[in-house]
Amino acid sequence: MDFTLGHAFSYILIYVGALSILLHTPSSCFQPKKLVIVTSNFSSDSDSSSSMATWYGPPDGDGSEGGACGYGKAVGLPPFNSMISAGSQFIFQEGKGCGSCYEIMCTGNSACSENPVTVVITDKCPECSHYFDLSGKAFSSMAISGQADKLLTAGKVAVQYQRVACNYPGVSITFRVDPGSNQQYFAIVIEYEDGDGDLKTVELKEGLSPATWEAMQCSWGAVWKIDKGAPLQAPFSIRLTTIESGKIFVANNVIPVGWKPGQTFRAVGNFD
């Protein structure tokens with residue numbers, strides 16, 4: 001087949017047309033969740049994006065106690081302090097988004113203070129087409145002083161948001177042993193990771209003598225498990241790797257000999 005200038009021009013038109021469609025078709029794949037370490041002058045920050053926010057649970061409460069990440073009653077206690085949100089699938093990511101932090105600023109109502117609040121993802125909103133379903137406390141915290149009721153009555157507002165580093169001053173990473181754990185099956189809820197807030201991998205090492213790191217599996221939400229099928233030898237060291245920055249934190253011998261299901265243990269320190 002002869003390749004003429006006309007053919008070449010036709011192919012160029014097809015390519016340009018396809019590229020135009022790609023650039024103008026909305027897709028969550030083209031909405032990066034870049035981690036912003038320092039935030040200032042939020043309203044003009046080029047990293048912020050637009051969405052809508054709703055709220056659920058009691059007007060001054062923490063949404064639903066616990067939620068799909070497995071944090072349980074911790075969502076209403078320091079350092080979470082009920083400043084939490086359920087996320088759509090784009091935010092929740094089948095549990096990978098658990099523990100990530102977002103700065104959210106209400107812009108779509110006269111009761112909005114336009115002062116951002118920071119929330120932690122602790123739950124999933126499976127029916128949400130918008131990104132955030134905040135606790136009553138977090139939603140009302142976006143209001144001008146004295147106008148929280150007006151904002152809560154609106155129920156749904158436009159917001160600007162950006163992913164930010166989690167910051168829990170003076171709080172160590174916490175490991176809560178799942179009540180279903182036993183000598184062969186071990187599961188933990190991991191809480192309060194500074195920085196990224198979410199985890200790519202969790203590994204366990206048994207005993208005091210040199211041993212290899214064994215990968216734990218994400219069971220659901222922020223719950224990670226290992227089912228070895230043979231007795232596990234405490235103490236356990238836990239190694240964490242974050243999703244975005246790839247930082248590593250090692251909690252040496254954080255789970256002691258004689259651990260029991262339901263107990264909580266704290267690491268020495270946190271991510272830098």
# chains A, B, ... in the order shown; residues from 1 in each chain; ligands from 1
$ residues_around --residues "Cys69 in chain A" --least-positions-apart "4" --cutoff "6 Å" --atoms "only C-alpha atoms" --output "ChimeraX atom specification"
/A:98,122-123,221-222
$ write_last_selection --atoms "N, CA, C and O atoms" --output "short mmCIF file (atom, residue, chain, number, x, y, z; two decimals), in the first residue's frame"
data_model
loop_
_atom_site.label_atom_id
_atom_site.label_comp_id
_atom_site.auth_asym_id
_atom_site.auth_seq_id
_atom_site.Cartn_x
_atom_site.Cartn_y
_atom_site.Cartn_z
N CYS A 98 -6.45 3.54 54.88
CA CYS A 98 -6.65 3.67 56.32
C CYS A 98 -5.44 4.33 56.97
O CYS A 98 -4.29 3.94 56.73
N THR A 122 -10.66 6.66 58.57
CA THR A 122 -10.86 5.52 59.48
C THR A 122 -12.01 4.62 59.06
O THR A 122 -12.29 3.62 59.73
N ASP A 123 -12.68 4.95 57.97
CA ASP A 123 -13.88 4.20 57.58
C ASP A 123 -14.07 4.30 56.08
O ASP A 123 -13.39 5.07 55.39
N GLY A 221 -8.86 -3.40 56.32
CA GLY A 221 -8.58 -2.11 56.93
C GLY A 221 -7.14 -1.99 57.38
O GLY A 221 -6.20 -2.22 56.63
N ALA A 222 -6.96 -1.64 58.66
CA ALA A 222 -5.63 -1.48 59.24
C ALA A 222 -5.19 -2.72 60.01
O ALA A 222 -4.26 -2.66 60.81
#
$ residues_around --residues "Glu94 in chain A" --least-positions-apart "3" --cutoff "9 Å" --atoms "only C-alpha atoms" --output "ChimeraX atom specification"
/A:89-91,97-98,124,220-221
$ closest_residue --among "A:Glu206, A:Glu214, A:Asp60, A:Glu127" --to "Ser141 in chain A" --atoms "only C-alpha atoms"
A:Asp60
$ residues_around --residues "Ala86 in chain A" --least-positions-apart "4" --cutoff "12 Å" --atoms "only C-alpha atoms" --output "number ranges by chain"
A: 53-57, 62-69, 75, 82, 90-93, 95, 97-102, 119-128, 130-136, 138-139, 221
$ closest_residue --among "A:Lys200, A:Arg176, A:Lys225, A:Lys150" --to "Thr242 in chain A" --atoms "only C-alpha atoms"
A:Lys200
$ select_by_dssp --residues "range 133-205 of chain A" --states "helix (DSSP H, G or I)" --output "PyMOL selection string"
chain A and resi 136-140+148-154
$ residues_around --residues "Tyr185 in chain A" --least-positions-apart "5" --cutoff "9 Å" --atoms "only C-alpha atoms" --output "list in words"
Gly180, Lys225, Ile226, Asp227, Lys228, Gly229, Ala230, Pro231 and Leu232 of chain A
$ write_last_selection --atoms "C-alpha atoms" --output "PDB file, in the first residue's frame"
ATOM      1  CA  GLY A 180      -8.886 -13.623  67.488  1.00  0.00           C
ATOM      2  CA  LYS A 225      -2.138 -10.905  60.025  1.00  0.00           C
ATOM      3  CA  ILE A 226       0.180 -13.886  59.771  1.00  0.00           C
ATOM      4  CA  ASP A 227      -1.196 -17.440  59.779  1.00  0.00           C
ATOM      5  CA  LYS A 228       1.829 -19.672  60.009  1.00  0.00           C
ATOM      6  CA  GLY A 229       0.151 -22.960  60.881  1.00  0.00           C
ATOM      7  CA  ALA A 230       2.815 -23.573  63.542  1.00  0.00           C
ATOM      8  CA  PRO A 231       3.516 -22.033  66.954  1.00  0.00           C
ATOM      9  CA  LEU A 232       4.931 -18.493  66.750  1.00  0.00           C
TER      10      LEU A 232
END
$ select_by_dssp --residues "range 172-233 of chain A" --states "strand (DSSP E or B)" --output "VMD selection string"
chain A and resid 174 to 177 185 to 191 195 199 to 206 214 to 215 217 to 220 223 to 227
$ write_last_selection --atoms "N, CA, C and O atoms" --output "tab-separated table (two decimals), in the first residue's frame"
chain	number	residue	atom	x	y	z
A	174	THR	N	1.29	2.38	67.52
A	174	THR	CA	0.62	1.47	68.45
A	174	THR	C	0.20	0.19	67.73
A	174	THR	O	-0.28	0.23	66.59
A	175	PHE	N	0.38	-0.92	68.41
A	175	PHE	CA	-0.01	-2.24	67.89
A	175	PHE	C	-1.02	-2.86	68.85
A	175	PHE	O	-0.69	-3.16	70.00
A	176	ARG	N	-2.25	-3.02	68.37
A	176	ARG	CA	-3.30	-3.62	69.20
A	176	ARG	C	-3.56	-5.04	68.70
A	176	ARG	O	-3.93	-5.25	67.55
A	177	VAL	N	-3.34	-6.02	69.56
A	177	VAL	CA	-3.47	-7.43	69.18
A	177	VAL	C	-4.95	-7.76	68.99
A	177	VAL	O	-5.78	-7.53	69.87
A	185	TYR	N	-1.88	-18.06	64.87
A	185	TYR	CA	-2.45	-16.97	64.06
A	185	TYR	C	-2.31	-15.67	64.85
A	185	TYR	O	-2.79	-15.56	65.97
A	186	PHE	N	-1.63	-14.70	64.24
A	186	PHE	CA	-1.37	-13.45	64.94
A	186	PHE	C	-1.82	-12.29	64.06
A	186	PHE	O	-1.43	-12.19	62.90
A	187	ALA	N	-2.65	-11.40	64.62
A	187	ALA	CA	-3.14	-10.24	63.87
A	187	ALA	C	-3.08	-9.00	64.76
A	187	ALA	O	-3.30	-9.08	65.97
A	188	ILE	N	-2.77	-7.86	64.13
A	188	ILE	CA	-2.66	-6.61	64.87
A	188	ILE	C	-3.32	-5.47	64.10
A	188	ILE	O	-3.35	-5.46	62.87
A	189	VAL	N	-3.85	-4.51	64.85
A	189	VAL	CA	-4.30	-3.23	64.30
A	189	VAL	C	-3.16	-2.25	64.52
A	189	VAL	O	-2.66	-2.11	65.64
A	190	ILE	N	-2.74	-1.55	63.47
A	190	ILE	CA	-1.62	-0.63	63.56
A	190	ILE	C	-2.14	0.81	63.47
A	190	ILE	O	-2.86	1.16	62.53
A	191	GLU	N	-1.77	1.63	64.46
A	191	GLU	CA	-2.35	2.97	64.58
A	191	GLU	C	-1.27	4.03	64.76
A	191	GLU	O	-0.19	3.75	65.28
A	195	GLY	N	3.65	10.84	59.20
A	195	GLY	CA	4.05	10.89	57.80
A	195	GLY	C	2.96	10.40	56.88
A	195	GLY	O	1.83	10.90	56.92
A	199	LEU	N	0.22	2.13	55.03
A	199	LEU	CA	1.32	1.17	54.97
A	199	LEU	C	1.28	0.32	53.71
A	199	LEU	O	0.22	-0.16	53.30
A	200	LYS	N	2.46	0.11	53.14
A	200	LYS	CA	2.59	-0.76	51.97
A	200	LYS	C	2.84	-2.19	52.39
A	200	LYS	O	2.22	-3.13	51.87
A	201	THR	N	3.78	-2.39	53.33
A	201	THR	CA	4.08	-3.74	53.81
A	201	THR	C	4.26	-3.72	55.32
A	201	THR	O	4.68	-2.73	55.91
A	202	VAL	N	3.95	-4.87	55.93
A	202	VAL	CA	4.19	-5.11	57.36
A	202	VAL	C	4.85	-6.48	57.45
A	202	VAL	O	4.38	-7.45	56.86
A	203	GLU	N	5.95	-6.54	58.19
A	203	GLU	CA	6.70	-7.80	58.32
A	203	GLU	C	6.94	-8.11	59.80
A	203	GLU	O	7.06	-7.20	60.62
A	204	LEU	N	7.01	-9.39	60.10
A	204	LEU	CA	7.20	-9.85	61.48
A	204	LEU	C	8.45	-10.71	61.57
A	204	LEU	O	8.73	-11.51	60.68
A	205	LYS	N	9.18	-10.54	62.67
A	205	LYS	CA	10.35	-11.38	62.94
A	205	LYS	C	10.19	-11.97	64.35
A	205	LYS	O	9.90	-11.25	65.30
A	206	GLU	N	10.39	-13.28	64.44
A	206	GLU	CA	10.20	-13.98	65.71
A	206	GLU	C	11.48	-14.07	66.52
A	206	GLU	O	12.58	-14.19	65.96
A	214	GLU	N	9.20	-12.11	57.95
A	214	GLU	CA	8.11	-12.79	57.26
A	214	GLU	C	7.00	-11.79	56.98
A	214	GLU	O	6.60	-11.02	57.86
A	215	ALA	N	6.50	-11.82	55.75
A	215	ALA	CA	5.47	-10.87	55.35
A	215	ALA	C	4.15	-11.17	56.04
A	215	ALA	O	3.71	-12.32	56.09
A	217	GLN	N	0.00	-10.27	55.99
A	217	GLN	CA	-0.99	-9.91	54.98
A	217	GLN	C	-1.99	-8.92	55.55
A	217	GLN	O	-2.32	-8.98	56.74
A	218	CYS	N	-2.45	-8.00	54.69
A	218	CYS	CA	-3.51	-7.09	55.12
A	218	CYS	C	-4.82	-7.87	55.16
A	218	CYS	O	-5.32	-8.34	54.13
A	219	SER	N	-5.35	-8.07	56.35
A	219	SER	CA	-6.58	-8.83	56.53
A	219	SER	C	-7.78	-8.00	56.10
A	219	SER	O	-8.56	-8.41	55.26
A	220	TRP	N	-7.89	-6.81	56.68
A	220	TRP	CA	-8.91	-5.83	56.30
A	220	TRP	C	-8.57	-4.52	56.99
A	220	TRP	O	-8.02	-4.51	58.09
A	223	VAL	N	-5.85	-3.85	59.77
A	223	VAL	CA	-5.54	-5.11	60.45
A	223	VAL	C	-4.63	-5.95	59.57
A	223	VAL	O	-4.95	-6.25	58.42
A	224	TRP	N	-3.46	-6.33	60.12
A	224	TRP	CA	-2.50	-7.17	59.41
A	224	TRP	C	-2.33	-8.48	60.15
A	224	TRP	O	-2.36	-8.52	61.38
A	225	LYS	N	-2.13	-9.58	59.40
A	225	LYS	CA	-2.14	-10.90	60.02
A	225	LYS	C	-1.02	-11.78	59.46
A	225	LYS	O	-0.49	-11.55	58.37
A	226	ILE	N	-0.67	-12.81	60.24
A	226	ILE	CA	0.18	-13.89	59.77
A	226	ILE	C	-0.39	-15.19	60.30
A	226	ILE	O	-0.71	-15.30	61.49
A	227	ASP	N	-0.61	-16.15	59.41
A	227	ASP	CA	-1.20	-17.44	59.78
A	227	ASP	C	-0.18	-18.50	59.39
A	227	ASP	O	-0.18	-19.01	58.27
$ atom_distance --atom1 "CA of Lys73 in chain A" --atom2 "CA of Asp178 in chain A"
13.7 Å
$ closest_residue --among "A:Lys96, A:Ser181, A:Val157, A:Gly262" --to "Ile243 in chain A" --atoms "only C-alpha atoms"
A:Lys96
$ decode --residues "range 93-107 of chain A" --atoms "all heavy atoms" --output "compact mmCIF listing (two decimals), in the first residue's frame"
# COMPACT_ATOMS: atom_id res chain seq x y z
N GLN A 93 -9.51 2.85 49.11
CA GLN A 93 -8.65 1.93 48.37
C GLN A 93 -8.57 0.54 48.99
O GLN A 93 -7.47 0.01 49.22
CB GLN A 93 -7.23 2.50 48.24
CG GLN A 93 -7.17 3.80 47.47
CD GLN A 93 -5.74 4.25 47.26
OE1 GLN A 93 -5.07 3.80 46.33
NE2 GLN A 93 -5.25 5.12 48.11
N GLU A 94 -9.73 -0.04 49.29
CA GLU A 94 -9.78 -1.39 49.87
C GLU A 94 -8.95 -1.51 51.15
O GLU A 94 -8.37 -2.55 51.44
CB GLU A 94 -9.31 -2.43 48.84
CG GLU A 94 -10.14 -2.50 47.58
CD GLU A 94 -11.59 -2.90 47.84
OE1 GLU A 94 -11.86 -3.53 48.89
OE2 GLU A 94 -12.45 -2.57 47.01
N GLY A 95 -8.89 -0.42 51.90
CA GLY A 95 -8.19 -0.43 53.17
C GLY A 95 -6.80 0.17 53.13
O GLY A 95 -6.24 0.50 54.17
N LYS A 96 -6.22 0.32 51.94
CA LYS A 96 -4.87 0.89 51.85
C LYS A 96 -4.85 2.34 52.30
O LYS A 96 -3.79 2.86 52.71
CB LYS A 96 -4.33 0.78 50.43
CG LYS A 96 -4.05 -0.64 49.96
CD LYS A 96 -3.42 -0.65 48.58
CE LYS A 96 -3.13 -2.07 48.09
NZ LYS A 96 -4.37 -2.84 47.86
N GLY A 97 -5.99 3.02 52.23
CA GLY A 97 -6.05 4.42 52.64
C GLY A 97 -6.26 4.61 54.13
O GLY A 97 -6.24 5.76 54.62
N CYS A 98 -6.45 3.54 54.88
CA CYS A 98 -6.65 3.67 56.32
C CYS A 98 -5.44 4.33 56.97
O CYS A 98 -4.29 3.94 56.73
CB CYS A 98 -6.86 2.29 56.95
SG CYS A 98 -8.44 1.53 56.57
N GLY A 99 -5.70 5.35 57.78
CA GLY A 99 -4.64 6.05 58.48
C GLY A 99 -4.08 7.24 57.74
O GLY A 99 -3.32 8.03 58.31
N SER A 100 -4.43 7.43 56.46
CA SER A 100 -3.95 8.60 55.72
C SER A 100 -4.68 9.85 56.18
O SER A 100 -5.82 9.79 56.65
CB SER A 100 -4.12 8.39 54.20
OG SER A 100 -5.46 8.11 53.88
N CYS A 101 -4.03 10.98 56.06
CA CYS A 101 -4.56 12.25 56.57
C CYS A 101 -4.83 13.23 55.43
O CYS A 101 -4.06 13.28 54.46
CB CYS A 101 -3.57 12.87 57.56
SG CYS A 101 -3.31 11.88 59.05
N TYR A 102 -5.90 13.99 55.57
CA TYR A 102 -6.29 14.98 54.57
C TYR A 102 -6.64 16.29 55.25
O TYR A 102 -7.26 16.31 56.31
CB TYR A 102 -7.49 14.49 53.76
CG TYR A 102 -7.16 13.38 52.79
CD1 TYR A 102 -7.13 12.06 53.20
CD2 TYR A 102 -6.83 13.66 51.46
CE1 TYR A 102 -6.81 11.03 52.33
CE2 TYR A 102 -6.51 12.64 50.58
CZ TYR A 102 -6.50 11.33 51.02
OH TYR A 102 -6.17 10.33 50.15
N GLU A 103 -6.25 17.38 54.60
CA GLU A 103 -6.66 18.70 55.02
C GLU A 103 -7.83 19.10 54.14
O GLU A 103 -7.72 19.05 52.90
CB GLU A 103 -5.49 19.68 54.87
CG GLU A 103 -5.65 20.94 55.70
CD GLU A 103 -4.38 21.76 55.71
OE1 GLU A 103 -3.94 22.20 54.63
OE2 GLU A 103 -3.81 21.94 56.80
N ILE A 104 -8.93 19.48 54.75
CA ILE A 104 -10.17 19.75 54.02
C ILE A 104 -10.68 21.14 54.39
O ILE A 104 -10.74 21.48 55.57
CB ILE A 104 -11.24 18.69 54.34
CG1 ILE A 104 -10.73 17.30 53.99
CG2 ILE A 104 -12.54 18.98 53.59
CD1 ILE A 104 -11.68 16.18 54.34
N MET A 105 -11.04 21.91 53.38
CA MET A 105 -11.55 23.26 53.60
C MET A 105 -12.92 23.41 52.94
O MET A 105 -13.07 23.17 51.74
CB MET A 105 -10.59 24.30 53.04
CG MET A 105 -11.02 25.73 53.32
SD MET A 105 -9.74 26.92 52.79
CE MET A 105 -9.80 26.72 51.01
N CYS A 106 -13.89 23.78 53.72
CA CYS A 106 -15.26 23.98 53.24
C CYS A 106 -15.35 25.32 52.51
O CYS A 106 -14.89 26.35 52.99
CB CYS A 106 -16.18 23.94 54.47
SG CYS A 106 -17.81 24.59 54.23
N THR A 107 -15.94 25.32 51.30
CA THR A 107 -16.02 26.55 50.50
C THR A 107 -17.43 26.82 49.97
O THR A 107 -17.68 27.87 49.42
CB THR A 107 -15.07 26.46 49.30
OG1 THR A 107 -15.46 25.36 48.46
CG2 THR A 107 -13.63 26.29 49.73
